[in-house]
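Reproduced below: input36.cif, with mmCIF, C-alpha atoms.
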data_protein
#
loop_
_atom_site.group_PDB
_atom_site.id
_atom_site.type_symbol
_atom_site.label_atom_id
_atom_site.label_comp_id
_atom_site.auth_asym_id
_atom_site.auth_seq_id
_atom_site.Cartn_x
_atom_site.Cartn_y
_atom_site.Cartn_z
ATOM 1 C CA MET Q 1 -68.825 -6.447 32.131
ATOM 2 C CA SER Q 2 -65.794 -4.861 33.621
ATOM 3 C CA SER Q 3 -64.221 -2.355 31.299
ATOM 4 C CA ALA Q 4 -60.577 -3.197 30.952
ATOM 5 C CA LEU Q 5 -59.071 0.254 30.983
ATOM 6 C CA PRO Q 6 -55.327 0.189 30.585
ATOM 7 C CA TYR Q 7 -53.848 1.242 33.922
ATOM 8 C CA SER Q 8 -50.604 3.089 34.117
ATOM 9 C CA PRO Q 9 -49.403 4.176 37.543
ATOM 10 C CA PRO Q 10 -49.185 7.921 38.200
ATOM 11 C CA ARG Q 11 -45.883 9.485 37.209
ATOM 12 C CA GLY Q 12 -45.722 11.551 40.379
ATOM 13 C CA THR Q 13 -47.413 14.694 41.576
ATOM 14 C CA VAL Q 14 -47.428 18.139 40.034
ATOM 15 C CA LEU Q 15 -48.458 21.141 42.107
ATOM 16 C CA ILE Q 16 -50.233 23.842 40.073
ATOM 17 C CA VAL Q 17 -50.425 27.288 41.686
ATOM 18 C CA ASP Q 18 -52.414 30.042 39.958
ATOM 19 C CA ASP Q 19 -55.052 32.490 41.186
ATOM 20 C CA GLU Q 20 -56.945 32.346 37.876
ATOM 21 C CA ALA Q 21 -59.184 29.349 38.587
ATOM 22 C CA MET Q 22 -60.107 28.531 35.003
ATOM 23 C CA LEU Q 23 -56.506 28.516 33.840
ATOM 24 C CA ARG Q 24 -55.451 26.501 36.886
ATOM 25 C CA HIS Q 25 -58.077 23.826 36.111
ATOM 26 C CA LEU Q 26 -57.033 23.679 32.452
ATOM 27 C CA LEU Q 27 -53.358 23.286 33.368
ATOM 28 C CA ALA Q 28 -54.298 20.649 35.964
ATOM 29 C CA ARG Q 29 -56.375 18.672 33.452
ATOM 30 C CA THR Q 30 -53.592 18.833 30.889
ATOM 31 C CA VAL Q 31 -51.057 17.520 33.387
ATOM 32 C CA ALA Q 32 -53.492 14.887 34.689
ATOM 33 C CA ASP Q 33 -54.108 13.677 31.113
ATOM 34 C CA ALA Q 34 -50.348 13.204 30.817
ATOM 35 C CA GLY Q 35 -50.491 10.753 33.730
ATOM 36 C CA PHE Q 36 -49.607 12.855 36.754
ATOM 37 C CA ASP Q 37 -51.435 13.308 40.015
ATOM 38 C CA VAL Q 38 -52.260 16.988 40.416
ATOM 39 C CA ILE Q 39 -52.716 19.258 43.406
ATOM 40 C CA GLU Q 40 -54.079 22.754 42.852
ATOM 41 C CA ALA Q 41 -53.573 25.866 44.951
ATOM 42 C CA GLU Q 42 -54.717 29.413 44.304
ATOM 43 C CA ASN Q 43 -51.743 31.195 45.876
ATOM 44 C CA GLY Q 44 -48.354 30.539 47.420
ATOM 45 C CA GLU Q 45 -49.637 30.269 50.952
ATOM 46 C CA GLU Q 46 -52.206 27.628 50.015
ATOM 47 C CA ALA Q 47 -49.514 25.790 48.032
ATOM 48 C CA LEU Q 48 -47.234 25.640 51.079
ATOM 49 C CA ARG Q 49 -50.101 24.202 53.128
ATOM 50 C CA ALA Q 50 -50.808 21.622 50.400
ATOM 51 C CA LEU Q 51 -47.205 20.443 50.448
ATOM 52 C CA SER Q 52 -47.645 18.333 53.557
ATOM 53 C CA GLY Q 53 -49.658 15.788 51.586
ATOM 54 C CA CYS Q 54 -47.369 15.410 48.589
ATOM 55 C CA ARG Q 55 -43.747 16.145 49.479
ATOM 56 C CA ASP Q 56 -42.619 12.553 48.884
ATOM 57 C CA THR Q 57 -44.125 12.259 45.419
ATOM 58 C CA LEU Q 58 -43.810 15.839 44.217
ATOM 59 C CA GLN Q 59 -42.066 16.028 40.830
ATOM 60 C CA LEU Q 60 -42.669 19.609 39.761
ATOM 61 C CA VAL Q 61 -44.250 22.891 40.829
ATOM 62 C CA VAL Q 62 -45.885 25.122 38.234
ATOM 63 C CA THR Q 63 -46.592 28.534 39.698
ATOM 64 C CA ASP Q 64 -47.865 31.869 38.496
ATOM 65 C CA LEU Q 65 -45.744 34.829 39.570
ATOM 66 C CA SER Q 66 -48.390 37.460 40.293
ATOM 67 C CA MET Q 67 -50.905 36.258 42.851
ATOM 68 C CA PRO Q 68 -52.636 37.826 45.826
ATOM 69 C CA VAL Q 69 -51.696 36.765 49.376
ATOM 70 C CA MET Q 70 -48.383 35.189 48.317
ATOM 71 C CA GLY Q 71 -46.855 35.505 44.851
ATOM 72 C CA GLY Q 72 -44.632 33.054 43.011
ATOM 73 C CA VAL Q 73 -41.277 34.519 44.033
ATOM 74 C CA GLU Q 74 -42.171 34.632 47.729
ATOM 75 C CA PHE Q 75 -43.541 31.098 47.474
ATOM 76 C CA ALA Q 76 -40.339 29.877 45.793
ATOM 77 C CA ARG Q 77 -38.215 31.368 48.578
ATOM 78 C CA GLU Q 78 -40.245 29.468 51.193
ATOM 79 C CA PHE Q 79 -40.551 26.324 49.118
ATOM 80 C CA ARG Q 80 -36.918 25.882 48.059
ATOM 81 C CA PRO Q 81 -35.513 24.927 51.506
ATOM 82 C CA LEU Q 82 -38.414 22.485 52.023
ATOM 83 C CA CYS Q 83 -38.005 20.661 48.698
ATOM 84 C CA PRO Q 84 -34.599 21.587 47.287
ATOM 85 C CA ARG Q 85 -34.664 18.957 44.549
ATOM 86 C CA VAL Q 86 -38.085 19.753 43.088
ATOM 87 C CA PRO Q 87 -37.925 22.020 40.020
ATOM 88 C CA ILE Q 88 -40.173 25.063 39.691
ATOM 89 C CA LEU Q 89 -41.712 26.296 36.456
ATOM 90 C CA PHE Q 90 -42.806 29.912 36.715
ATOM 91 C CA ILE Q 91 -45.564 31.132 34.431
ATOM 92 C CA THR Q 92 -46.446 34.779 33.927
ATOM 93 C CA GLY Q 93 -48.338 37.156 31.700
ATOM 94 C CA ARG Q 94 -46.100 40.062 32.646
ATOM 95 C CA VAL Q 95 -43.468 41.132 30.170
ATOM 96 C CA ALA Q 96 -40.703 42.007 32.630
ATOM 97 C CA ASP Q 97 -38.773 39.036 33.977
ATOM 98 C CA PRO Q 98 -39.025 39.219 37.782
ATOM 99 C CA ARG Q 99 -36.356 36.561 38.234
ATOM 100 C CA ALA Q 100 -33.738 39.215 37.513
ATOM 101 C CA SER Q 101 -34.051 40.756 40.948
ATOM 102 C CA SER Q 102 -34.901 37.611 42.866
ATOM 103 C CA GLY Q 103 -32.002 35.247 42.149
ATOM 104 C CA LEU Q 104 -34.285 32.604 40.668
ATOM 105 C CA TYR Q 105 -32.625 32.342 37.255
ATOM 106 C CA GLN Q 106 -32.059 28.606 37.702
ATOM 107 C CA ASP Q 107 -35.769 28.001 37.510
ATOM 108 C CA ASP Q 108 -37.688 28.006 34.258
ATOM 109 C CA LEU Q 109 -40.068 30.680 33.040
ATOM 110 C CA LEU Q 110 -42.904 30.282 30.557
ATOM 111 C CA LEU Q 111 -44.523 33.455 29.255
ATOM 112 C CA LYS Q 112 -48.283 33.541 28.736
ATOM 113 C CA PRO Q 113 -49.977 33.109 26.412
ATOM 114 C CA PHE Q 114 -48.895 29.547 25.696
ATOM 115 C CA GLY Q 115 -50.718 26.458 24.478
ATOM 116 C CA PRO Q 116 -50.909 22.923 25.856
ATOM 117 C CA ASP Q 117 -48.216 21.632 23.500
ATOM 118 C CA VAL Q 118 -45.651 24.198 24.624
ATOM 119 C CA PHE Q 119 -46.680 23.671 28.239
ATOM 120 C CA LEU Q 120 -46.314 19.893 28.108
ATOM 121 C CA SER Q 121 -43.044 20.012 26.197
ATOM 122 C CA THR Q 122 -41.628 22.444 28.783
ATOM 123 C CA VAL Q 123 -42.784 20.192 31.619
ATOM 124 C CA SER Q 124 -41.243 17.144 29.904
ATOM 125 C CA ARG Q 125 -37.956 18.973 29.307
ATOM 126 C CA ILE Q 126 -37.726 20.024 32.956
ATOM 127 C CA LEU Q 127 -38.539 16.546 34.250
ATOM 128 C CA ALA Q 128 -36.071 14.936 31.852
ATOM 129 C CA ARG Q 129 -33.339 17.174 33.223
ATOM 130 C CA GLY Q 130 -33.667 15.601 36.663
ATOM 131 C CA PRO Q 131 -33.766 17.048 40.171
ATOM 132 C CA HIS Q 132 -33.158 20.736 40.746
ATOM 133 C CA ALA Q 133 -30.467 20.533 43.446
ATOM 134 C CA GLY Q 134 -27.826 19.099 41.113
ATOM 135 C CA ARG Q 135 -27.846 22.316 39.103
ATOM 136 C CA SER Q 136 -27.622 24.729 42.005
ATOM 137 C CA SER Q 137 -24.493 23.280 43.573
ATOM 138 C CA ALA Q 138 -21.230 24.055 41.797
ATOM 139 C CA MET C 139 -23.671 94.511 41.641
ATOM 140 C CA GLN C 140 -26.036 92.271 43.581
ATOM 141 C CA VAL C 141 -29.566 93.441 44.284
ATOM 142 C CA ASP C 142 -31.313 92.281 47.418
ATOM 143 C CA PRO C 143 -34.954 91.761 46.360
ATOM 144 C CA ARG C 144 -36.136 92.596 49.866
ATOM 145 C CA HIS C 145 -35.173 96.191 49.116
ATOM 146 C CA ASN C 146 -37.253 96.246 45.978
ATOM 147 C CA PRO C 147 -40.978 95.656 46.448
ATOM 148 C CA VAL C 148 -41.509 94.738 42.794
ATOM 149 C CA LEU C 149 -38.740 92.113 42.861
ATOM 150 C CA LEU C 150 -39.946 90.850 46.231
ATOM 151 C CA ALA C 151 -43.479 90.329 44.914
ATOM 152 C CA ARG C 152 -42.091 88.552 41.865
ATOM 153 C CA CYS C 153 -39.940 86.268 44.068
ATOM 154 C CA VAL C 154 -42.902 85.376 46.271
ATOM 155 C CA ALA C 155 -45.058 84.642 43.203
ATOM 156 C CA LEU C 156 -42.319 82.470 41.676
ATOM 157 C CA ARG C 157 -41.859 80.548 44.919
ATOM 158 C CA ALA C 158 -45.598 79.861 45.107
ATOM 159 C CA GLN C 159 -45.604 78.750 41.477
ATOM 160 C CA SER C 160 -42.630 76.496 42.111
ATOM 161 C CA ALA C 161 -44.402 74.851 45.087
ATOM 162 C CA GLN C 162 -47.513 74.312 42.942
ATOM 163 C CA LEU C 163 -45.480 72.738 40.153
ATOM 164 C CA THR C 164 -43.657 70.463 42.609
ATOM 165 C CA ALA C 165 -46.966 69.275 44.070
ATOM 166 C CA ALA C 166 -48.391 68.725 40.587
ATOM 167 C CA SER C 167 -45.293 66.802 39.543
ATOM 168 C CA VAL C 168 -45.486 64.525 42.616
ATOM 169 C CA SER C 169 -49.174 63.923 41.945
ATOM 170 C CA LEU C 170 -48.466 63.121 38.283
ATOM 171 C CA ARG C 171 -45.683 60.733 39.286
ATOM 172 C CA HIS C 172 -48.047 58.902 41.652
ATOM 173 C CA ARG C 173 -50.770 58.755 39.021
ATOM 174 C CA SER C 174 -48.362 57.547 36.371
ATOM 175 C CA ARG C 175 -47.057 54.807 38.713
ATOM 176 C CA PHE C 176 -50.639 53.774 39.488
ATOM 177 C CA LEU C 177 -51.571 53.768 35.799
ATOM 178 C CA TYR C 178 -48.426 51.793 34.938
ATOM 179 C CA SER C 179 -49.252 49.135 37.526
ATOM 180 C CA ARG C 180 -52.849 48.974 36.235
ATOM 181 C CA VAL C 181 -51.631 48.582 32.652
ATOM 182 C CA LYS C 182 -49.310 45.769 33.765
ATOM 183 C CA TRP C 183 -52.198 44.099 35.624
ATOM 184 C CA VAL C 184 -54.511 44.366 32.622
ATOM 185 C CA GLY C 185 -51.751 42.989 30.373
ATOM 186 C CA GLY C 186 -51.307 40.044 32.722
ATOM 187 C CA ARG C 187 -55.053 39.348 32.775
ATOM 188 C CA LEU C 188 -55.216 39.549 29.004
ATOM 189 C CA ASN C 189 -52.437 36.976 28.679
ATOM 190 C CA ASP C 190 -54.246 34.747 31.213
ATOM 191 C CA LEU C 191 -57.392 34.900 29.082
ATOM 192 C CA LEU C 192 -55.465 34.268 25.864
ATOM 193 C CA THR C 193 -53.859 31.194 27.455
ATOM 194 C CA ILE C 194 -57.274 29.938 28.605
ATOM 195 C CA SER C 195 -58.604 30.482 25.105
ATOM 196 C CA VAL C 196 -55.731 28.532 23.497
ATOM 197 C CA PHE C 197 -56.183 25.625 25.939
ATOM 198 C CA GLN C 198 -59.954 25.546 25.394
ATOM 199 C CA GLN C 199 -59.583 25.656 21.614
ATOM 200 C CA SER C 200 -57.180 22.748 21.826
ATOM 201 C CA ARG C 201 -59.582 20.761 24.022
ATOM 202 C CA ASN C 202 -62.542 21.520 21.735
ATOM 203 C CA SER C 203 -60.630 20.406 18.673
ATOM 204 C CA GLN C 204 -59.883 17.061 20.367
ATOM 205 C CA ARG C 205 -63.497 16.510 21.459
ATOM 206 C CA PRO C 206 -65.507 14.222 19.123
ATOM 207 C CA ARG C 207 -68.128 16.172 17.205
ATOM 208 C CA ILE C 208 -71.815 15.172 17.421
ATOM 209 C CA LEU C 209 -73.182 15.340 13.915
ATOM 210 C CA PRO C 210 -76.806 16.487 13.407
ATOM 211 C CA CYS C 211 -79.165 13.683 12.348
#

Rewritten as structure tokens:
Amino acid sequence: MSSALPYSPPRGTVLIVDDEAMLRHLLARTVADAGFDVIEAENGEEALRALSGCRDTLQLVVTDLSMPVMGGVEFAREFRPLCPRVPILFITGRVADPRASSGLYQDDLLLKPFGPDVFLSTVSRILARGPHAGRSSA
Amino acid sequence: MQVDPRHNPVLLARCVALRAQSAQLTAASVSLRHRSRFLYSRVKWVGGRLNDLLTISVFQQSRNSQRPRILPC
């Protein structure tokens, strides 16, 4: 009476960083439903600690910009030298684009509010583009 | 012809009063600037929270619409 569930191997790991727990869980479930392994962190500092377990399989980081302890921009500055090829998708509910003053224009930004369809299509587009490092070098 | 206010008690009193008023206005302006910066940051924070909640709501609506409905017997 074994249930023959179709098994498809995970497509890699996505790290979701957001201090709003409910939103973080919803994003994580959406990404998990799409076949990815997911690691959640509630701020940049926790995300950096979580990296040790997933650096080899990490495909994408989705991070909020405004978070206590360590925000998205500070996290990106620490993260980029550690995983130069992993793309970052910033998400924010603020109107002003903080990438302007932080030199992070190569990374993507998704403005809240957004729905699961827009979120997944953005994630797919970023992953289809390939590793991040190819775009940063001239 | 220039008039030195120190030689005129009426002008001197007026100068002192104006200087005091100017100091008061400067302090009030600094206080207003601080309050306006604080209020601006609060408004930005509230806006961010609101967009968080709207995003949660959109995701939950989407999940609920995909969930199979249990019809009443």

Hey, which bits of chain Q sit within 10 Å of chain C, and for each residue what's the closest pair of atoms and how far apart in Å (one decimal), counting all atoms listed in the file, rows by chain and increasing number, as CSV?
residue,atom,partner,partner_atom,distance
Q:Glu20,CA,C:Asp190,CA,7.6
Q:Met22,CA,C:Ile194,CA,7.1
Q:Leu23,CA,C:Ile194,CA,5.5
Q:Arg24,CA,C:Ile194,CA,9.1
Q:His25,CA,C:Ile194,CA,9.7
Q:Leu26,CA,C:Phe197,CA,6.9
Q:Leu27,CA,C:Phe197,CA,8.3
Q:Thr30,CA,C:Phe197,CA,8.8
Q:Ser66,CA,C:Gly186,CA,8.5
Q:Ile91,CA,C:Asp190,CA,9.9
Q:Thr92,CA,C:Gly186,CA,7.3
Q:Gly93,CA,C:Gly186,CA,4.3
Q:Arg94,CA,C:Gly186,CA,5.2
Q:Val95,CA,C:Lys182,CA,8.3
Q:Ala96,CA,C:Lys182,CA,9.5
Q:Leu111,CA,C:Asn189,CA,8.7
Q:Lys112,CA,C:Asn189,CA,5.4
Q:Pro113,CA,C:Thr193,CA,4.5
Q:Phe114,CA,C:Thr193,CA,5.5
Q:Gly115,CA,C:Val196,CA,5.5
Q:Pro116,CA,C:Phe197,CA,5.9
Q:Asp117,CA,C:Ser200,CA,9.2
Q:Phe119,CA,C:Phe197,CA,10.0

Can you list, as an MDAnalysis selection string, every protein, DNA or RNA residue that comes within 6 Å of range 43-53 of chain Q when you count all atoms listed in the file, leaving out same-chain residues fewer than 6 positions away?
chainID Q and resid 17 19 67 70:71 75

Please identify all polymer residues within 9 Å of Val123 in chain Q, counting all atoms listed in the file, omitting same-chain residues fewer than 2 positions from it, and present them as a list of chain:residue names.
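Listed by chain and then number, they are Q:Val31, Q:Leu60, Q:Val62, Q:Leu89, Q:Val118, Q:Phe119, Q:Leu120, Q:Ser121, Q:Arg125, Q:Ile126, Q:Leu127, Q:Ala128.
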
Please measure the separation of CA of Leu156 in chain C and CA of Val168 in chain C, giving the value in Å to one decimal.
18.2 Å

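For Arg144 in chain C, the non-local neighbours within 12 Å, defined as residues at least 5 positions apart in the same chain or in other chains and counting all atoms listed in the file, are Leu149, Leu150, Ala151, Arg152, Cys153 and Val154 of chain C.
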
In Å, with one decimal, what is the gap from CA of Phe36 in chain Q to CA of Arg11 in chain Q?
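Between CA of Phe36 in chain Q and CA of Arg11 in chain Q the gap is 5.0 Å.
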
In Å, with one decimal, what is the gap from CA of Asp18 in chain Q to CA of Arg129 in chain Q?
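Spanning CA of Asp18 in chain Q to CA of Arg129 in chain Q is a straight-line distance of 24.0 Å.
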
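Those residues that approach Asp37 in chain Q to within 7 Å, counting all atoms listed in the file, are Q:Pro10, Q:Gly12, Q:Thr13, Q:Val14, Q:Ala32; same-chain residues fewer than 4 positions away are not listed.
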
Using C-alpha atoms, can you write the selected residues to a file as a compact mmCIF listing (two decimals), keeping the file's coordinate frame?
# COMPACT_ATOMS: atom_id res chain seq x y z
CA PRO Q 10 -49.18 7.92 38.20
CA GLY Q 12 -45.72 11.55 40.38
CA THR Q 13 -47.41 14.69 41.58
CA VAL Q 14 -47.43 18.14 40.03
CA ALA Q 32 -53.49 14.89 34.69

As a check of understanding, name the residues that the PyMOL selection byres ((chain Q and resi 87) around 10) selects in the supplied structure, as a compact mmCIF listing (two decimals) with C-alpha atoms, in the frame of the given file.
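Contents of expr.txt, freshly written:
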# COMPACT_ATOMS: atom_id res chain seq x y z
CA LEU Q 58 -43.81 15.84 44.22
CA GLN Q 59 -42.07 16.03 40.83
CA LEU Q 60 -42.67 19.61 39.76
CA VAL Q 61 -44.25 22.89 40.83
CA VAL Q 62 -45.88 25.12 38.23
CA ARG Q 80 -36.92 25.88 48.06
CA CYS Q 83 -38.01 20.66 48.70
CA PRO Q 84 -34.60 21.59 47.29
CA ARG Q 85 -34.66 18.96 44.55
CA VAL Q 86 -38.08 19.75 43.09
CA ILE Q 88 -40.17 25.06 39.69
CA LEU Q 89 -41.71 26.30 36.46
CA PHE Q 90 -42.81 29.91 36.72
CA GLN Q 106 -32.06 28.61 37.70
CA ASP Q 107 -35.77 28.00 37.51
CA ASP Q 108 -37.69 28.01 34.26
CA VAL Q 123 -42.78 20.19 31.62
CA ILE Q 126 -37.73 20.02 32.96
CA LEU Q 127 -38.54 16.55 34.25
CA ARG Q 129 -33.34 17.17 33.22
CA GLY Q 130 -33.67 15.60 36.66
CA PRO Q 131 -33.77 17.05 40.17
CA HIS Q 132 -33.16 20.74 40.75
CA ALA Q 133 -30.47 20.53 43.45
